[in-house]
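J.: Have a peek at run_2.tsv (TSV, C-alpha atoms).
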```tsv
chain	number	residue	atom	x	y	z
A	281	MET	CA	200.94	126.44	88.42
A	282	HIS	CA	201.42	128.96	85.65
A	283	LEU	CA	199.33	128.72	82.49
A	284	PRO	CA	200.79	129.95	79.22
A	285	ASP	CA	199.34	133.12	77.71
A	286	PRO	CA	196.59	132.33	75.22
A	287	ALA	CA	197.52	132.49	71.56
A	288	PRO	CA	196.34	135.63	69.76
A	289	VAL	CA	193.13	135.21	67.77
A	290	PRO	CA	193.69	135.85	64.07
A	291	LEU	CA	191.72	138.74	62.59
A	292	ALA	CA	190.17	136.42	59.99
A	293	ALA	CA	188.61	134.35	62.80
A	294	LEU	CA	187.05	137.46	64.35
A	295	VAL	CA	185.68	138.56	60.98
A	296	ALA	CA	184.23	135.09	60.41
A	297	LEU	CA	182.70	135.12	63.88
A	298	SER	CA	181.11	138.54	63.30
A	299	VAL	CA	179.47	137.19	60.14
A	300	VAL	CA	177.97	134.27	62.08
A	301	LEU	CA	177.03	136.30	65.16
A	302	PRO	CA	175.58	139.70	64.30
A	303	LEU	CA	176.92	142.67	66.22
A	304	SER	CA	173.49	143.67	67.49
A	305	ALA	CA	171.45	141.24	69.53
A	306	GLN	CA	168.42	141.98	67.42
A	307	LYS	CA	167.94	142.88	63.80
A	308	PRO	CA	165.10	145.15	62.69
A	309	ASP	CA	163.55	142.27	60.74
A	310	SER	CA	163.80	139.75	63.58
A	311	ASN	CA	160.72	137.65	64.20
A	312	CYS	CA	159.70	139.12	67.55
A	313	VAL	CA	157.06	141.59	68.71
A	314	HIS	CA	158.39	144.95	69.84
A	315	GLN	CA	157.83	145.87	73.49
A	316	SER	CA	155.85	148.93	72.39
A	317	GLU	CA	153.06	146.48	71.43
A	318	LEU	CA	152.52	145.39	75.06
A	319	ALA	CA	149.40	147.50	75.59
A	320	LEU	CA	145.69	147.14	74.90
A	321	GLY	CA	143.96	150.40	74.23
A	322	PRO	CA	145.30	152.96	76.69
A	323	VAL	CA	146.59	150.43	79.27
A	324	ARG	CA	150.17	149.14	79.21
A	325	LEU	CA	151.19	145.81	80.64
A	326	ALA	CA	152.87	146.34	84.06
A	327	ALA	CA	151.13	149.72	84.55
A	328	TYR	CA	150.72	150.77	88.17
A	329	VAL	CA	147.19	150.08	89.46
A	330	PRO	CA	146.16	153.69	90.25
A	331	ASP	CA	146.73	154.51	86.58
A	332	VAL	CA	144.12	151.94	85.45
A	333	PRO	CA	140.92	153.41	86.98
A	334	GLU	CA	142.23	156.88	86.25
A	335	THR	CA	142.50	155.91	82.58
A	336	LEU	CA	139.51	153.58	82.21
A	337	GLY	CA	137.10	154.63	84.91
A	338	ARG	CA	135.10	152.28	87.09
A	339	PRO	CA	135.11	148.61	86.01
A	340	LEU	CA	131.89	146.77	85.17
A	341	ARG	CA	132.91	143.94	87.54
A	342	GLU	CA	135.63	143.21	90.08
A	343	HIS	CA	136.68	139.79	91.32
A	344	ARG	CA	139.36	138.87	93.84
A	345	SER	CA	141.42	135.79	93.15
A	346	SER	CA	144.92	134.54	93.85
A	347	SER	CA	147.92	133.25	91.99
A	348	GLU	CA	151.20	131.67	92.95
A	349	ASP	CA	154.78	131.93	91.79
A	350	ASP	CA	158.26	131.34	93.22
A	351	GLY	CA	157.56	134.01	95.84
A	352	GLY	CA	154.46	132.18	97.09
A	353	GLN	CA	150.77	132.94	96.88
A	354	TYR	CA	149.55	136.49	96.18
A	355	ASP	CA	146.25	138.31	95.62
A	356	VAL	CA	145.01	139.16	92.14
A	357	LEU	CA	142.31	141.72	91.42
A	358	GLN	CA	140.49	140.94	88.19
A	359	LEU	CA	138.74	143.91	86.57
A	360	GLN	CA	136.22	143.57	83.74
A	361	TYR	CA	135.79	146.59	81.46
A	362	LYS	CA	133.79	146.95	78.29
A	363	GLY	CA	136.06	145.48	75.67
A	364	PHE	CA	138.72	143.94	77.87
A	365	GLU	CA	139.93	142.38	81.11
A	366	VAL	CA	142.69	143.61	83.42
A	367	ASP	CA	144.38	141.54	86.17
A	368	ILE	CA	146.30	143.40	88.88
A	369	GLY	CA	148.90	141.32	90.73
A	370	ARG	CA	152.10	141.71	92.70
A	371	GLY	CA	153.31	145.24	93.32
A	372	HIS	CA	149.89	146.58	92.29
A	373	ARG	CA	150.88	146.18	88.64
A	374	VAL	CA	148.92	145.03	85.58
A	375	GLU	CA	150.00	141.44	84.98
A	376	ARG	CA	147.39	140.47	82.39
A	377	LEU	CA	145.38	142.24	79.67
A	378	ALA	CA	142.95	140.41	77.40
A	379	THR	CA	140.28	141.25	74.84
A	380	THR	CA	137.82	139.51	72.53
A	381	SER	CA	136.45	142.84	71.30
A	382	PRO	CA	137.32	144.31	67.89
A	383	GLY	CA	137.06	147.75	69.51
A	384	THR	CA	140.29	147.34	71.51
A	385	SER	CA	143.63	147.03	69.75
A	386	LEU	CA	147.37	146.75	70.21
A	387	PRO	CA	149.32	149.95	69.32
A	388	SER	CA	149.93	148.60	65.79
A	389	GLY	CA	146.17	148.47	65.23
A	390	THR	CA	146.10	144.68	65.53
A	391	ARG	CA	142.58	143.81	66.66
A	392	VAL	CA	140.17	140.91	67.01
A	393	GLY	CA	138.64	139.96	63.67
A	394	MET	CA	141.81	140.39	61.59
A	395	THR	CA	143.11	137.58	59.43
A	396	LEU	CA	146.29	135.75	60.37
A	397	ALA	CA	148.03	137.38	57.39
A	398	GLU	CA	147.00	140.92	58.41
A	399	THR	CA	147.95	140.27	62.05
A	400	ALA	CA	151.39	139.05	60.97
A	401	ARG	CA	151.86	142.05	58.66
A	402	ARG	CA	150.99	144.59	61.37
A	403	LEU	CA	153.25	142.90	63.93
A	404	ARG	CA	156.02	142.33	61.35
A	405	LEU	CA	156.07	138.58	61.92
A	406	HIS	CA	157.43	136.32	59.20
A	407	GLY	CA	156.12	132.81	58.64
A	408	ALA	CA	153.29	133.17	61.16
A	409	PRO	CA	151.26	130.19	59.84
A	410	GLU	CA	154.23	127.88	60.49
A	411	HIS	CA	154.48	129.14	64.09
A	412	LEU	CA	150.85	128.46	65.02
A	413	ARG	CA	150.46	125.86	67.76
A	414	GLY	CA	146.90	124.66	67.33
A	415	ASP	CA	144.91	127.88	67.33
A	416	THR	CA	147.55	129.98	69.15
A	417	LEU	CA	150.35	132.20	67.92
A	418	ALA	CA	152.73	133.17	70.75
A	419	PRO	CA	155.59	135.18	69.21
A	420	MET	CA	158.67	136.10	71.23
A	421	ILE	CA	158.85	139.58	72.72
A	422	CYS	CA	161.89	141.57	71.55
A	423	TRP	CA	164.54	142.35	74.16
A	424	GLY	CA	164.35	145.80	75.65
A	425	ASP	CA	164.42	147.87	78.80
A	426	ASP	CA	160.74	147.79	79.80
A	427	TYR	CA	159.99	144.07	80.20
A	428	GLY	CA	161.86	140.92	81.13
A	429	PRO	CA	161.59	137.48	79.57
A	430	GLU	CA	158.35	136.81	81.49
A	431	ALA	CA	156.34	139.12	79.21
A	432	ALA	CA	154.22	137.25	76.68
A	433	LEU	CA	151.71	137.82	73.90
A	434	ARG	CA	149.19	135.14	72.91
A	435	LEU	CA	147.04	135.53	69.83
A	436	ILE	CA	144.18	133.03	69.56
A	437	PHE	CA	142.72	132.39	66.09
A	438	ARG	CA	139.47	130.70	65.09
A	439	PRO	CA	138.52	129.53	61.60
A	440	THR	CA	135.57	131.29	59.97
A	441	SER	CA	132.85	129.54	57.95
A	442	GLY	CA	135.07	130.05	54.89
A	443	GLY	CA	137.99	128.34	56.66
A	444	GLU	CA	140.08	131.51	56.99
A	445	ARG	CA	141.61	132.00	60.44
A	446	ARG	CA	140.70	135.24	62.20
A	447	LEU	CA	141.99	136.68	65.44
A	448	ALA	CA	139.52	135.85	68.26
A	449	LYS	CA	141.45	136.86	71.39
A	450	ILE	CA	144.51	138.92	72.32
A	451	GLU	CA	146.18	138.23	75.67
A	452	LEU	CA	149.22	139.95	77.19
A	453	THR	CA	150.85	138.65	80.38
A	454	ASN	CA	153.75	139.65	82.58
A	455	HIS	CA	154.01	137.43	85.67
A	456	GLY	CA	157.58	138.41	86.40
A	457	PRO	CA	159.20	140.52	89.07
```
What is this file in structure tokens?

T.:
Amino acid sequence: MHLPDPAPVPLAALVALSVVLPLSAQKPDSNCVHQSELALGPVRLAAYVPDVPETLGRPLREHRSSSEDDGGQYDVLQLQYKGFEVDIGRGHRVERLATTSPGTSLPSGTRVGMTLAETARRLRLHGAPEHLRGDTLAPMICWGDDYGPEAALRLIFRPTSGGERRLAKIELTNHGP
């Protein structure tokens, strides 16, 4: 069976389509967190484990645990440092970073204790109050070459005595391949 050649697409339709679908997958003002923010202090998410003690020194505490994903169960080494926690998982890579200390920040300077408005300004997030789910803001991570869709940022806010929400915990995770 022979199918007829498709009809040519008029130029006006392509122009209309390019107005609806931007040429780039991501605009500079898109409401996502840039991959460069996926670090706490000097440690980047997905860093190779030998780089962690070399950068941070000896942890205050170590705990062995396990996790499970599509590939089955695997060991996790949980390291507690002053100011933050580091979990090492598959491939000897950092799969979780977390802090409740104002002394440790994301590269933008976002740190525990900041207001929701200041956090949103530093991370270039628009409409952050509308995106809160309970006490948690979990913005999308911008597409890029360093991390896949498994990378995540969770920002936990707590109200102060004056009712203003302030950042209480920063958590980065990357449980992907």

J.: Quick one: residues within 9 Å of Thr335 in chain A, all atoms listed in the file counted, chain neighbours fewer than 5 positions away excluded, as a list in words?

T.: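 Surrounding residues, per the criterion: Pro322, Val323 and Pro330 of chain A.
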
J.: Around (137.4, 143.2, 74.0) in the file's frame, which residues reach within 8 Å when counting all atoms listed in the file? Return as a ChimeraX atom specification?

T.: /A:362-365,378-384,392,449

J.: At a cut-off of 12 Å, using all atoms listed in the file, what residues contact Glu348 in chain A? Leave out same-chain residues fewer than 6 positions from it and give the result as an mmCIF file with C-alpha atoms, in the coordinates of the input.

T.:
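Resulting contents of result-v7.cif:
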```cif
data_model
loop_
_atom_site.group_PDB
_atom_site.id
_atom_site.type_symbol
_atom_site.label_atom_id
_atom_site.label_comp_id
_atom_site.auth_asym_id
_atom_site.auth_seq_id
_atom_site.Cartn_x
_atom_site.Cartn_y
_atom_site.Cartn_z
ATOM 1 C CA TYR A 354 149.550 136.490 96.180
ATOM 2 C CA ASP A 355 146.250 138.310 95.620
ATOM 3 C CA VAL A 356 145.010 139.160 92.140
ATOM 4 C CA GLY A 369 148.900 141.320 90.730
ATOM 5 C CA ARG A 370 152.100 141.710 92.700
ATOM 6 C CA HIS A 455 154.010 137.430 85.670
ATOM 7 C CA GLY A 456 157.580 138.410 86.400
#
```

J.: Report the distance between CA of Ile421 in chain A and CA of Val313 in chain A in Å, rounded to one decimal place.

T.: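 Between these atoms lies a distance of 4.8 Å.
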
J.: So, counting all atoms listed in the file, which residue among A:Leu396, A:Gln353, A:Gln358, A:Glu430 is closest to His411 in chain A?

T.: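 Between A:Leu396, A:Gln353, A:Gln358, A:Glu430, the residue approaching His411 in chain A most closely is A:Leu396.
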
J.: Could the centre and edge lengths of an axis-aligned box, enclosing all atoms of range 398-409 of chain A in the file with 3 Å extra on each side, be given in Å to one decimal as AutoDock Vina command-line options?

T.:
```
--center_x 152.2 --center_y 137.4 --center_z 61.2 --size_x 16.4 --size_y 20.4 --size_z 11.5
```

J.: Return the single residue from A:Gly414, A:Gly407, A:Pro429, A:Pro419 that is closest to Glu451 in chain A, with distances computed using all atoms listed in the file.

T.: A:Pro419

J.: Nearest to Arg373 in chain A: which of A:Trp423, A:Gly351, A:Ala448, A:Thr453 is it, counting only C-alpha atoms?

T.: A:Thr453

J.: What does the structure give for the distance between CA of Phe437 in chain A and CA of Gly321 in chain A, in Å to one decimal?

T.: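 Distance reported for this atom pair: 19.8 Å.
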
J.: Quick check, in Å to one decimal: how far apart do CA of Ala418 in chain A and CA of Arg344 in chain A lie?

T.: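 Straight-line distance from CA of Ala418 in chain A to CA of Arg344 in chain A works out to 27.3 Å.
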
J.: Counting all atoms listed in the file, which of A:Val374, A:Leu359, A:Leu435, A:Ala400 gets nearest to Tyr328 in chain A?

T.: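 Closest to Tyr328 in chain A, using all atoms listed in the file: A:Val374.
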
J.: Would you please work out which residue, of A:His343, A:Arg338, A:His314, A:Asp349, is nearest to Tyr361 in chain A when using all atoms listed in the file?

T.: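 Smallest separation from Tyr361 in chain A among the options: A:Arg338.
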
J.: Taking 3 positions as the minimum chain separation for residues in the same chain, which residues sit within 10 Å of Pro439 in chain A when counting only C-alpha atoms? Answer as a PDB file with C-alpha atoms, in the coordinates of the input.

T.:
```pdb
ATOM      1  CA  THR A 395     143.110 137.580  59.430  1.00  0.00           C
ATOM      2  CA  ASP A 415     144.910 127.880  67.330  1.00  0.00           C
ATOM      3  CA  GLY A 442     135.070 130.050  54.890  1.00  0.00           C
ATOM      4  CA  GLY A 443     137.990 128.340  56.660  1.00  0.00           C
ATOM      5  CA  GLU A 444     140.080 131.510  56.990  1.00  0.00           C
ATOM      6  CA  ARG A 445     141.610 132.000  60.440  1.00  0.00           C
ATOM      7  CA  ARG A 446     140.700 135.240  62.200  1.00  0.00           C
ATOM      8  CA  LEU A 447     141.990 136.680  65.440  1.00  0.00           C
ATOM      9  CA  ALA A 448     139.520 135.850  68.260  1.00  0.00           C
TER      10      ALA A 448
END
```

J.: Between A:Leu405, A:Ile436, A:Leu325, A:Ala431, single out the one closest to Leu417 in chain A, counting all atoms listed in the file.

T.: A:Ile436

J.: Hey, could you patch up range 352-366 of chain A with N, CA, C and O atoms and hand it over as a compact mmCIF listing (two decimals), in the coordinates of the input?

T.:
```
# COMPACT_ATOMS: atom_id res chain seq x y z
N GLY A 352 155.61 132.63 96.31
CA GLY A 352 154.46 132.18 97.09
C GLY A 352 153.15 132.68 96.51
O GLY A 352 153.09 133.19 95.40
N GLN A 353 152.10 132.54 97.30
CA GLN A 353 150.77 132.94 96.88
C GLN A 353 150.60 134.46 97.03
O GLN A 353 151.13 135.06 97.95
N TYR A 354 149.84 135.06 96.10
CA TYR A 354 149.55 136.49 96.18
C TYR A 354 148.16 136.77 95.63
O TYR A 354 147.59 135.97 94.89
N ASP A 355 147.59 137.90 96.04
CA ASP A 355 146.25 138.31 95.62
C ASP A 355 146.27 138.87 94.20
O ASP A 355 147.23 139.54 93.81
N VAL A 356 145.20 138.61 93.48
CA VAL A 356 145.01 139.16 92.14
C VAL A 356 143.63 139.80 92.10
O VAL A 356 142.65 139.22 92.55
N LEU A 357 143.57 141.02 91.62
CA LEU A 357 142.31 141.72 91.42
C LEU A 357 142.00 141.69 89.93
O LEU A 357 142.77 142.21 89.11
N GLN A 358 140.89 141.05 89.58
CA GLN A 358 140.49 140.94 88.19
C GLN A 358 139.40 141.97 87.90
O GLN A 358 138.37 141.99 88.57
N LEU A 359 139.66 142.83 86.94
CA LEU A 359 138.74 143.91 86.57
C LEU A 359 138.19 143.65 85.17
O LEU A 359 138.95 143.38 84.24
N GLN A 360 136.88 143.75 85.03
CA GLN A 360 136.22 143.57 83.74
C GLN A 360 135.72 144.92 83.25
O GLN A 360 134.94 145.58 83.94
N TYR A 361 136.23 145.35 82.10
CA TYR A 361 135.79 146.59 81.46
C TYR A 361 135.09 146.24 80.15
O TYR A 361 135.25 145.13 79.64
N LYS A 362 134.38 147.18 79.60
CA LYS A 362 133.79 146.95 78.29
C LYS A 362 134.94 146.82 77.29
O LYS A 362 135.72 147.74 77.13
N GLY A 363 135.02 145.68 76.68
CA GLY A 363 136.06 145.48 75.67
C GLY A 363 137.29 144.74 76.14
O GLY A 363 138.00 144.21 75.32
N PHE A 364 137.56 144.71 77.44
CA PHE A 364 138.72 143.94 77.87
C PHE A 364 138.77 143.68 79.36
O PHE A 364 137.99 144.23 80.13
N GLU A 365 139.72 142.80 79.72
CA GLU A 365 139.93 142.38 81.11
C GLU A 365 141.31 142.83 81.55
O GLU A 365 142.25 142.85 80.76
N VAL A 366 141.42 143.18 82.85
CA VAL A 366 142.69 143.61 83.42
C VAL A 366 142.89 142.85 84.73
O VAL A 366 142.00 142.85 85.57
```
